[in-house]
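Have a look at query_13.txt below; it lists compact mmCIF, C-alpha atoms.
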# COMPACT_ATOMS: atom_id res chain seq x y z
CA MET F 165 -70.93 -61.11 14.45
CA LYS F 166 -71.12 -58.91 17.52
CA LEU F 167 -72.79 -55.54 17.22
CA GLU F 168 -71.78 -52.56 19.37
CA LYS F 169 -73.30 -49.16 19.70
CA PHE F 170 -71.40 -46.38 17.88
CA LYS F 171 -69.97 -43.72 20.22
CA GLN F 172 -69.13 -40.23 18.90
CA LYS F 173 -65.68 -38.85 19.96
CA ASP F 174 -65.63 -36.03 22.51
CA PRO F 175 -64.71 -32.73 20.71
CA LYS F 176 -63.27 -31.34 23.95
CA LYS F 177 -60.78 -34.18 24.25
CA ILE F 178 -59.79 -33.80 20.60
CA GLY F 179 -59.05 -30.10 21.12
CA ILE F 180 -56.96 -30.77 24.22
CA THR F 181 -54.97 -33.46 22.41
CA THR F 182 -54.35 -31.23 19.38
CA PHE F 183 -53.24 -28.33 21.55
CA THR F 184 -50.85 -30.61 23.46
CA VAL F 185 -49.27 -31.90 20.23
CA VAL F 186 -48.82 -28.38 18.85
CA CYS F 187 -47.13 -27.22 22.07
CA ILE F 188 -44.76 -30.18 21.97
CA LEU F 189 -43.85 -29.42 18.36
CA LEU F 190 -43.25 -25.73 19.14
CA ILE F 191 -41.03 -26.54 22.11
CA ALA F 192 -39.08 -29.08 20.04
CA GLY F 193 -38.67 -26.53 17.22
CA VAL F 194 -37.28 -23.88 19.56
CA PHE F 195 -34.92 -26.41 21.12
CA PHE F 196 -33.54 -27.62 17.79
CA TYR F 197 -33.24 -24.07 16.39
CA THR F 198 -31.33 -22.88 19.46
CA SER F 199 -29.07 -25.92 19.42
CA PHE F 200 -28.38 -25.48 15.70
CA ALA F 201 -27.59 -21.76 16.04
CA SER F 202 -25.17 -22.39 18.88
CA PHE F 203 -23.56 -25.23 17.00
CA GLU F 204 -23.25 -23.18 13.85
CA THR F 205 -21.77 -20.13 15.53
CA HIS F 206 -19.20 -21.77 17.75
CA ASP F 207 -18.39 -25.28 16.61
CA GLU F 208 -18.69 -25.67 12.88
CA PHE F 209 -16.16 -23.20 11.53
CA ASN F 210 -12.61 -22.17 12.22
CA ILE F 211 -11.66 -18.78 10.78
CA ILE F 212 -7.96 -19.47 11.26
CA GLU F 213 -7.83 -22.73 9.33
CA GLY F 214 -10.36 -21.50 6.83
CA THR F 215 -13.08 -24.15 7.23
CA VAL F 216 -16.72 -23.11 7.44
CA GLY F 217 -20.00 -24.78 8.35
CA ASP F 218 -22.97 -25.55 6.16
CA ASN F 219 -24.51 -22.12 6.61
CA GLY F 220 -23.26 -18.60 7.26
CA ASP F 221 -22.58 -15.32 5.54
CA LEU F 222 -19.13 -13.92 6.35
CA TYR F 223 -15.97 -15.20 8.03
CA PHE F 224 -12.67 -13.48 8.85
CA SER F 225 -9.14 -14.73 9.33
CA PHE F 226 -6.17 -12.64 10.46
CA TYR F 227 -2.42 -12.67 9.83
CA VAL F 228 -0.05 -10.50 11.85
CA ASP F 229 3.55 -10.27 10.59
CA ASP F 230 2.68 -13.20 8.27
CA GLU F 231 1.73 -15.37 11.26
CA ILE F 232 -1.80 -16.69 11.81
CA SER F 233 -3.55 -14.88 14.63
CA LYS F 234 -6.81 -15.60 16.44
CA THR F 235 -7.52 -11.90 16.84
CA MET F 236 -7.10 -8.70 14.87
CA PRO F 237 -4.47 -6.33 16.34
CA GLN F 238 -5.88 -3.37 18.22
CA LYS F 239 -5.54 0.25 17.19
CA GLY F 240 -2.38 1.78 18.64
CA GLU F 241 -0.36 -1.44 18.64
CA GLY F 242 1.77 -0.20 15.75
CA TYR F 243 0.28 -2.13 12.82
CA VAL F 244 -1.22 -1.18 9.47
CA LEU F 245 -3.37 -3.20 7.09
CA ASP F 246 -1.40 -4.68 4.20
CA LYS F 247 -3.85 -3.81 1.42
CA GLU F 248 -1.95 -5.72 -1.26
CA LYS F 249 -2.21 -9.06 0.56
CA THR F 250 -5.66 -8.60 2.11
CA ASN F 251 -8.34 -10.38 0.08
CA CYS F 252 -11.87 -11.79 0.08
CA THR F 253 -13.40 -14.73 -1.76
CA LYS F 254 -16.30 -14.62 -4.22
CA GLY F 255 -15.60 -11.14 -5.56
CA ALA F 256 -15.96 -9.26 -2.27
CA SER F 257 -13.48 -6.59 -1.15
CA ILE F 258 -12.36 -4.85 2.05
CA GLU F 259 -12.68 -1.18 2.99
CA PHE F 260 -10.60 -0.47 6.09
CA ASN F 261 -11.02 2.70 8.17
CA GLU F 262 -7.81 3.39 10.09
CA THR F 263 -9.39 6.24 12.08
CA ASP F 264 -11.94 4.12 13.92
CA TRP F 265 -10.20 0.81 13.09
CA SER F 266 -13.23 -0.73 11.42
CA VAL F 267 -13.71 -3.12 8.52
CA LYS F 268 -16.41 -2.90 5.87
CA VAL F 269 -16.95 -5.67 3.31
CA LEU F 270 -18.02 -4.43 -0.14
CA ASN F 271 -19.62 -6.24 -3.09
CA MET F 272 -20.62 -9.26 -1.03
CA THR F 273 -23.27 -11.16 -3.00
CA GLU F 274 -22.86 -14.76 -1.80
CA THR F 275 -22.88 -16.61 1.50
CA ARG F 276 -19.81 -18.34 2.95
CA THR F 277 -17.61 -15.41 1.92
CA LYS F 278 -14.25 -15.38 3.68
CA CYS F 279 -11.98 -12.33 4.07
CA THR F 280 -8.33 -12.68 5.09
CA LEU F 281 -6.76 -9.56 6.62
CA TYR F 282 -2.97 -9.14 6.78
CA PHE F 283 -1.37 -6.70 9.24
CA ARG F 284 2.28 -5.60 9.29
CA ARG F 285 4.54 -2.97 10.80
CA PRO F 286 4.42 0.32 8.88
CA THR F 287 7.22 1.32 6.53
CA PHE F 288 8.41 4.89 6.11
CA SER F 289 6.38 5.03 2.92
CA ASP F 290 3.26 4.35 5.01
CA ILE F 291 4.28 7.00 7.53
CA ILE F 292 4.92 9.62 4.85
CA GLN F 293 1.61 8.96 3.10
CA ALA F 294 -0.30 9.21 6.39
CA CYS F 295 1.52 12.36 7.51
CA ASN F 296 -0.04 15.79 7.05
CA ASP F 297 3.31 17.53 6.55
CA THR F 298 5.94 17.47 3.80
CA ALA F 299 7.59 14.11 3.18
CA ALA F 300 10.92 15.47 4.42
CA ASN F 301 9.49 16.70 7.72
CA CYS F 302 7.53 13.49 8.22
CA LEU F 303 10.70 11.48 7.80
CA LYS F 304 12.60 13.68 10.26
CA ASP F 305 9.80 13.52 12.81
CA ASN F 306 9.71 9.72 12.69
CA ALA F 307 13.45 9.06 12.41
CA ASN F 308 13.52 7.51 15.88
CA LEU F 309 11.40 4.61 14.61
CA ASN F 310 14.20 3.37 12.37
CA THR F 311 17.49 4.38 13.96
CA VAL F 312 19.30 1.36 12.51
CA GLU F 313 18.94 2.62 8.92
CA LEU F 314 19.00 6.37 9.56
CA ALA F 315 21.79 8.62 10.77
CA TYR F 316 22.51 12.35 10.93
CA ASP F 317 25.68 13.40 9.12
CA GLU F 318 28.37 15.62 10.65
CA THR F 319 27.76 18.65 8.43
CA THR F 320 26.56 21.95 9.80
CA ASP F 321 23.15 21.29 8.25
CA ASN F 322 22.73 18.04 10.21
CA ASN F 323 21.20 16.19 7.28
CA LEU F 324 19.41 12.88 7.78
CA ARG F 325 20.58 10.03 5.55
CA TYR F 326 19.76 6.39 4.99
CA ILE F 327 22.71 4.13 5.73
CA GLY F 328 23.59 0.46 5.33
CA ALA F 329 24.11 -1.92 2.43
CA ASN F 330 20.42 -2.23 1.52
CA PRO F 331 18.18 0.01 3.66
CA ASN F 332 14.41 -0.14 3.36
CA ASN F 333 14.09 3.33 1.84
CA TYR F 334 11.71 2.58 -1.02
CA VAL F 335 8.87 4.90 -2.00
CA LEU F 336 6.45 4.89 -4.90
CA LEU F 337 6.60 7.84 -7.30
CA ASN F 338 5.41 8.03 -10.88
CA ASN F 339 4.07 4.46 -10.43
CA GLU F 340 7.70 3.32 -10.04
CA LEU F 341 10.00 2.44 -7.17
CA TRP F 342 12.36 5.19 -6.06
CA ARG F 343 14.76 5.25 -3.11
CA ILE F 344 15.17 7.98 -0.52
CA ILE F 345 18.75 9.21 -0.26
CA GLY F 346 18.02 11.44 2.71
CA VAL F 347 16.56 14.62 4.11
CA PHE F 348 18.63 17.73 3.36
CA ASN F 349 18.26 21.03 5.20
CA ASN F 350 18.76 24.60 3.97
CA ILE F 351 18.31 23.79 0.28
CA ASP F 352 17.94 26.88 -1.91
CA ASP F 353 15.08 26.78 -4.44
CA GLY F 354 16.87 29.30 -6.67
CA THR F 355 15.26 32.37 -5.12
CA GLU F 356 17.31 32.29 -1.88
CA ASN F 357 14.36 30.63 -0.15
CA LYS F 358 15.89 27.79 1.88
CA GLU F 359 13.93 24.84 3.20
CA THR F 360 14.18 21.14 3.96
CA ARG F 361 14.03 18.86 0.93
CA LEU F 362 13.71 15.12 0.36
CA LYS F 363 16.21 13.75 -2.16
CA ILE F 364 15.34 10.54 -4.00
CA ILE F 365 16.76 8.48 -6.85
CA ARG F 366 15.04 6.15 -9.31
CA ASP F 367 15.56 2.51 -8.35
CA GLU F 368 16.23 1.41 -11.94
CA SER F 369 18.17 3.26 -14.61
CA LEU F 370 16.32 4.86 -17.52
CA GLY F 371 19.10 3.72 -19.83
CA GLU F 372 22.30 5.15 -21.31
CA TYR F 373 22.02 8.77 -22.47
CA SER F 374 24.78 11.26 -23.22
CA TRP F 375 25.27 14.10 -20.78
CA ASP F 376 25.51 16.57 -23.66
CA TYR F 377 25.62 16.10 -27.43
CA ASP F 378 24.23 17.79 -30.53
CA ALA F 379 24.03 17.52 -34.31
CA ILE F 380 27.58 18.76 -34.89
CA GLY F 381 29.20 16.78 -32.08
CA ASN F 382 29.63 19.60 -29.57
CA TYR F 383 29.46 18.81 -25.89
CA ASP F 384 30.48 20.34 -22.59
CA ASN F 385 30.11 19.76 -18.87
CA ASP F 386 27.61 22.55 -18.12
CA TRP F 387 24.49 20.90 -16.69
CA SER F 388 22.32 23.99 -17.16
CA THR F 389 22.68 23.78 -20.96
CA SER F 390 23.15 20.04 -21.42
CA THR F 391 20.86 17.98 -23.66
CA LEU F 392 20.31 15.50 -20.81
CA MET F 393 19.02 18.28 -18.55
CA ASN F 394 16.54 19.30 -21.24
CA LEU F 395 15.45 15.71 -21.85
CA LEU F 396 14.68 15.17 -18.16
CA ASN F 397 13.30 18.60 -17.24
CA SER F 398 11.45 19.84 -20.31
CA GLY F 399 11.77 17.21 -23.03
CA ALA F 400 10.33 13.80 -23.82
CA TYR F 401 10.83 12.29 -20.36
CA TYR F 402 9.35 15.28 -18.55
CA ASN F 403 6.33 15.44 -20.89
CA ARG F 404 5.81 11.65 -21.04
CA THR F 405 6.03 11.57 -24.82
CA THR F 406 8.36 10.59 -27.68
CA GLY F 407 11.16 12.58 -29.28
CA SER F 408 14.70 12.46 -30.64
CA TYR F 409 17.98 12.51 -28.80
CA TYR F 410 21.67 12.70 -29.67
CA ASN F 411 23.38 9.94 -27.79
CA GLY F 412 27.10 9.92 -28.56
CA SER F 413 26.41 10.49 -32.25
CA THR F 414 25.61 13.38 -34.59
CA THR F 415 22.60 11.37 -35.76
CA ALA F 416 19.53 11.68 -33.53
CA THR F 417 17.78 8.53 -32.37
CA ASN F 418 14.19 8.10 -31.27
CA VAL F 419 13.35 7.98 -27.58
CA ASP F 420 9.99 6.87 -26.22
CA PHE F 421 8.90 7.85 -22.71
CA SER F 422 5.17 7.62 -23.37
CA SER F 423 4.81 4.84 -20.80
CA ASN F 424 7.47 5.72 -18.21
CA GLY F 425 7.83 9.49 -18.38
CA LEU F 426 6.65 11.76 -15.59
CA THR F 427 2.93 11.85 -14.82
CA GLU F 428 1.24 15.13 -13.88
CA GLU F 429 0.94 13.90 -10.31
CA ALA F 430 4.68 13.23 -10.15
CA LYS F 431 5.49 16.67 -11.59
CA ASN F 432 3.49 18.32 -8.83
CA MET F 433 5.69 16.61 -6.26
CA ILE F 434 8.93 17.94 -7.75
CA GLY F 435 10.34 21.31 -6.72
CA ASP F 436 13.17 23.52 -7.96
CA ALA F 437 16.38 23.21 -5.97
CA ILE F 438 20.06 24.05 -6.26
CA TRP F 439 22.20 20.96 -5.72
CA ASN F 440 25.96 21.45 -5.54
CA LEU F 441 27.51 18.75 -7.67
CA GLY F 442 31.12 19.30 -6.70
CA GLY F 443 33.64 18.11 -9.26
CA THR F 444 37.13 18.96 -10.39
CA THR F 445 38.69 22.02 -12.03
CA LYS F 446 40.16 19.94 -14.84
CA TYR F 447 39.17 16.48 -16.01
CA THR F 448 41.86 13.83 -16.47
CA SER F 449 41.63 10.11 -15.91
CA SER F 450 43.87 10.44 -12.85
CA SER F 451 41.77 13.20 -11.31
CA MET F 452 38.78 10.84 -11.10
CA ASP F 453 40.64 8.09 -9.19

Mind converting the file's structure to C-alpha cells?
Amino acid sequence: MKLEKFKQKDPKKIGITTFTVVCILLIAGVFFYTSFASFETHDEFNIIEGTVGDNGDLYFSFYVDDEISKTMPQKGEGYVLDKEKTNCTKGASIEFNETDWSVKVLNMTETRTKCTLYFRRPTFSDIIQACNDTAANCLKDNANLNTVELAYDETTDNNLRYIGANPNNYVLLNNELWRIIGVFNNIDDGTENKETRLKIIRDESLGEYSWDYDAIGNYDNDWSTSTLMNLLNSGAYYNRTTGSYYNGSTTATNVDFSSNGLTEEAKNMIGDAIWNLGGTTKYTSSSMD
C-alpha cells in the first residue's frame, strides 16, 4: 500500500468555484425566465380561437357584427357593446365605459379567465337610451341613420313614421317589447300645450276585451267613458293588480294584470295627449268596408 501526504484544499479556490457556479445558475435562471415569459405572452394562446397556455390571468376575444375580429373596434367607428351576448368564464363579468371606451373585469377570482366581447351597430333603441333629449326628438335627430325604414309623411305637421313590412322599430317598455309607430308633431296634451310626441304600440295583444260594457248590458262608442279606457288608464292594468271586467256579458269576469300591468317606471314615461281617432258618423257593416 502506497502512502501519500494529505493536502488540505485551498479555501480561496473553493470560494472562486462556488461564486462561478452561482453566477452560471443566475444567468441560466434569467435566460429561462425571459424565454418562458416571451413564449407565454406571444405563442401559447390565441384569444380568437379561445385556447390558452398553461399560465395566465385574463384573455379577451372580440366579435364584430358576429364575425371574429383580432382587434376591438375603436371609439367613433359606430359600434356599441352588445351586453346581452358579452360574457366571461368562471363567474367574472364585464363593465364597459362607453365614454372612455374602456373595459373593466369584475368578480374575477380565478386564473385563465376568458371574456368574449360582442360589438354591433346601434339600434334606435340604443340611440334613444343614450340621448339626453326626449325619445321623440332623439329619433328625429337621428332619422338620417335609418332612411330606409323612416319617412316623413305629407301632412302639414311633417310627421316621421316607420315604414316597410317589418321595420326594426322595437323598444323596451314595461319590461316588454313595444313598437314605435312614429314621431308626431303638434300633439295637444289637453291644455292646448302642443309638442312632439312618440307614439308606440304593444308588440303583443293583451287579449280580447270589450270596448264598453256594464252590468246591465249598456255600451256605446264614447272612448272617454268606456270600460276599456278605465281598465287601461285607471283600472287593473294601469295599477298592475287584479279586478273584474265585463267582457261581452252582464256577468263580470276576473282579470289579472299583477305580472304584466304598468310599472311605476312605465307610468312616468306616459303623458296625456289628444289623439284624433277619426271614424264614421253612423256605423253600418258597409261603412267599414

TODO: Mind checking which residues fall within 7 Å of segment 323-330 of chain F, counting only C-alpha atoms, ignoring those fewer than 5 positions away in the same chain, and posting them as a PyMOL selection string?
DONE: chain F and resi 313-317+345-349

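One finds atom CA of Ala299 of chain F at 17.1 Å from atom CA of Glu340 of chain F.
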
- [ ] Between atom CA of Ala307 of chain F and atom CA of Ile291 of chain F, measure the distance and give it in Å to one decimal.
- [x] 10.6 Å

- [ ] Name the residues in contact with Tyr373 of chain F at a cut-off of 9 Å, using only C-alpha atoms, excluding same-chain residues fewer than 4 positions from it; report them as a VMD selection string.
- [x] chain F and resid 392 409 to 412

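Minimum atom-to-atom distances from F:Ser408, F:Asn333, F:Thr298, F:Asn385 to Ile434 of chain F were compared using all atoms listed in the file, and the lowest value belongs to F:Thr298.
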
Open item on the list: What does the structure give for the distance between atom CA of Thr417 of chain F and atom CA of Ala379 of chain F, in Å to one decimal?
Closed with: 11.1 Å

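Among F:Asp230, F:Asp436, F:Asp386, F:Asp420, the residue with the shortest atom-to-atom distance to Lys249 of chain F, counting only C-alpha atoms, is F:Asp230.
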
Open item on the list: My list of candidates is F:Trp342, F:Trp265, F:Phe283, F:Tyr243. Which is closest to Val228 of chain F when distances are computed with only C-alpha atoms?
Closed with: F:Phe283

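Distance check against Lys239 of chain F using all atoms listed in the file: of F:Thr406, F:Ser390, F:Ser266, F:Asn397, the minimum falls on F:Ser266.
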
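Distances to Thr319 of chain F were evaluated for F:Ser398, F:Thr355, F:Thr391, F:Asn350 using only C-alpha atoms, and the minimum falls at F:Asn350.
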
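Minimum atom-to-atom distance to Ala430 of chain F, evaluated using all atoms listed in the file, belongs to F:Asn403 out of F:Asn403, F:Thr389, F:Ser413, F:Asn332.
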
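Within a radius of 6 Å around (13.9, 7.3, -0.1), the polymer residues are Asn333, Tyr334, Val335, Arg343, Ile344, Ile345 and Ile364 of chain F, counting only C-alpha atoms.
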
Serialized selection, C-alpha atoms, as a PDB file, in the coordinates of the input:
ATOM      1  CA  ASN F 333      14.090   3.330   1.840  1.00  0.00           C
ATOM      2  CA  TYR F 334      11.710   2.580  -1.020  1.00  0.00           C
ATOM      3  CA  VAL F 335       8.870   4.900  -2.000  1.00  0.00           C
ATOM      4  CA  ARG F 343      14.760   5.250  -3.110  1.00  0.00           C
ATOM      5  CA  ILE F 344      15.170   7.980  -0.520  1.00  0.00           C
ATOM      6  CA  ILE F 345      18.750   9.210  -0.260  1.00  0.00           C
ATOM      7  CA  ILE F 364      15.340  10.540  -4.000  1.00  0.00           C
TER       8      ILE F 364
END

Could you please fill out segment 357-391 of chain F with N, CA and C atoms and send it back as an mmCIF file, in the frame of the given file?
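Generated output (result-v1.cif):
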data_model
loop_
_atom_site.group_PDB
_atom_site.id
_atom_site.type_symbol
_atom_site.label_atom_id
_atom_site.label_comp_id
_atom_site.auth_asym_id
_atom_site.auth_seq_id
_atom_site.Cartn_x
_atom_site.Cartn_y
_atom_site.Cartn_z
ATOM 1 N N ASN F 357 15.272 31.200 -1.148
ATOM 2 C CA ASN F 357 14.360 30.630 -0.150
ATOM 3 C C ASN F 357 14.875 29.239 0.211
ATOM 4 N N LYS F 358 15.288 29.053 1.459
ATOM 5 C CA LYS F 358 15.890 27.790 1.880
ATOM 6 C C LYS F 358 14.908 26.997 2.744
ATOM 7 N N GLU F 359 14.819 25.722 2.445
ATOM 8 C CA GLU F 359 13.930 24.840 3.200
ATOM 9 C C GLU F 359 14.447 23.418 3.160
ATOM 10 N N THR F 360 13.798 22.548 3.903
ATOM 11 C CA THR F 360 14.180 21.140 3.960
ATOM 12 C C THR F 360 13.608 20.393 2.768
ATOM 13 N N ARG F 361 14.443 19.601 2.124
ATOM 14 C CA ARG F 361 14.030 18.860 0.930
ATOM 15 C C ARG F 361 14.327 17.371 1.073
ATOM 16 N N LEU F 362 13.495 16.566 0.432
ATOM 17 C CA LEU F 362 13.710 15.120 0.360
ATOM 18 C C LEU F 362 14.366 14.802 -0.973
ATOM 19 N N LYS F 363 15.487 14.086 -0.937
ATOM 20 C CA LYS F 363 16.210 13.750 -2.160
ATOM 21 C C LYS F 363 16.044 12.256 -2.434
ATOM 22 N N ILE F 364 15.574 11.935 -3.642
ATOM 23 C CA ILE F 364 15.340 10.540 -4.000
ATOM 24 C C ILE F 364 16.016 10.223 -5.321
ATOM 25 N N ILE F 365 16.147 8.936 -5.612
ATOM 26 C CA ILE F 365 16.760 8.480 -6.850
ATOM 27 C C ILE F 365 15.958 7.305 -7.387
ATOM 28 N N ARG F 366 15.798 7.248 -8.688
ATOM 29 C CA ARG F 366 15.040 6.150 -9.310
ATOM 30 C C ARG F 366 15.749 4.832 -9.054
ATOM 31 N N ASP F 367 14.965 3.802 -8.698
ATOM 32 C CA ASP F 367 15.560 2.510 -8.350
ATOM 33 C C ASP F 367 16.228 1.851 -9.554
ATOM 34 N N GLU F 368 15.655 1.995 -10.735
ATOM 35 C CA GLU F 368 16.230 1.410 -11.940
ATOM 36 C C GLU F 368 16.615 2.509 -12.918
ATOM 37 N N SER F 369 17.679 2.273 -13.657
ATOM 38 C CA SER F 369 18.170 3.260 -14.610
ATOM 39 C C SER F 369 17.200 3.412 -15.786
ATOM 40 N N LEU F 370 17.114 4.626 -16.314
ATOM 41 C CA LEU F 370 16.320 4.860 -17.520
ATOM 42 C C LEU F 370 17.020 4.341 -18.770
ATOM 43 N N GLY F 371 18.324 4.155 -18.682
ATOM 44 C CA GLY F 371 19.100 3.720 -19.830
ATOM 45 C C GLY F 371 20.349 4.575 -19.979
ATOM 46 N N GLU F 372 21.074 4.409 -21.068
ATOM 47 C CA GLU F 372 22.300 5.150 -21.310
ATOM 48 C C GLU F 372 22.019 6.344 -22.228
ATOM 49 N N TYR F 373 22.234 7.543 -21.697
ATOM 50 C CA TYR F 373 22.020 8.770 -22.470
ATOM 51 C C TYR F 373 23.209 9.703 -22.257
ATOM 52 N N SER F 374 23.641 10.342 -23.311
ATOM 53 C CA SER F 374 24.780 11.260 -23.220
ATOM 54 C C SER F 374 24.445 12.444 -22.330
ATOM 55 N N TRP F 375 25.438 12.898 -21.601
ATOM 56 C CA TRP F 375 25.270 14.100 -20.780
ATOM 57 C C TRP F 375 24.950 15.304 -21.656
ATOM 58 N N ASP F 376 25.734 15.445 -22.746
ATOM 59 C CA ASP F 376 25.510 16.570 -23.660
ATOM 60 C C ASP F 376 26.037 16.201 -25.046
ATOM 61 N N TYR F 377 25.191 16.389 -26.050
ATOM 62 C CA TYR F 377 25.620 16.100 -27.430
ATOM 63 C C TYR F 377 24.662 16.806 -28.365
ATOM 64 N N ASP F 378 25.122 17.143 -29.567
ATOM 65 C CA ASP F 378 24.230 17.790 -30.530
ATOM 66 C C ASP F 378 24.560 17.327 -31.947
ATOM 67 N N ALA F 379 23.932 17.976 -32.923
ATOM 68 C CA ALA F 379 24.030 17.520 -34.310
ATOM 69 C C ALA F 379 25.421 17.675 -34.903
ATOM 70 N N ILE F 380 26.224 18.571 -34.338
ATOM 71 C CA ILE F 380 27.580 18.760 -34.890
ATOM 72 C C ILE F 380 28.650 18.219 -33.955
ATOM 73 N N GLY F 381 28.235 17.456 -32.950
ATOM 74 C CA GLY F 381 29.200 16.780 -32.080
ATOM 75 C C GLY F 381 29.766 17.643 -30.992
ATOM 76 N N ASN F 382 29.153 18.767 -30.681
ATOM 77 C CA ASN F 382 29.630 19.600 -29.570
ATOM 78 C C ASN F 382 29.108 19.059 -28.237
ATOM 79 N N TYR F 383 29.908 19.204 -27.231
ATOM 80 C CA TYR F 383 29.460 18.810 -25.890
ATOM 81 C C TYR F 383 30.325 19.495 -24.856
ATOM 82 N N ASP F 384 29.720 19.753 -23.690
ATOM 83 C CA ASP F 384 30.480 20.340 -22.590
ATOM 84 C C ASP F 384 29.911 19.801 -21.275
ATOM 85 N N ASN F 385 30.462 20.296 -20.179
ATOM 86 C CA ASN F 385 30.110 19.760 -18.870
ATOM 87 C C ASN F 385 29.162 20.668 -18.097
ATOM 88 N N ASP F 386 28.519 21.608 -18.787
ATOM 89 C CA ASP F 386 27.610 22.550 -18.120
ATOM 90 C C ASP F 386 26.211 21.930 -18.058
ATOM 91 N N TRP F 387 25.781 21.559 -16.856
ATOM 92 C CA TRP F 387 24.490 20.900 -16.690
ATOM 93 C C TRP F 387 23.323 21.798 -17.126
ATOM 94 N N SER F 388 23.437 23.085 -16.878
ATOM 95 C CA SER F 388 22.320 23.990 -17.160
ATOM 96 C C SER F 388 21.975 24.063 -18.639
ATOM 97 N N THR F 389 22.923 23.719 -19.518
ATOM 98 C CA THR F 389 22.680 23.780 -20.960
ATOM 99 C C THR F 389 22.765 22.402 -21.625
ATOM 100 N N SER F 390 22.931 21.367 -20.851
ATOM 101 C CA SER F 390 23.150 20.040 -21.420
ATOM 102 C C SER F 390 21.860 19.472 -22.034
ATOM 103 N N THR F 391 22.021 18.613 -23.017
ATOM 104 C CA THR F 391 20.860 17.980 -23.660
ATOM 105 C C THR F 391 20.163 17.018 -22.690
#
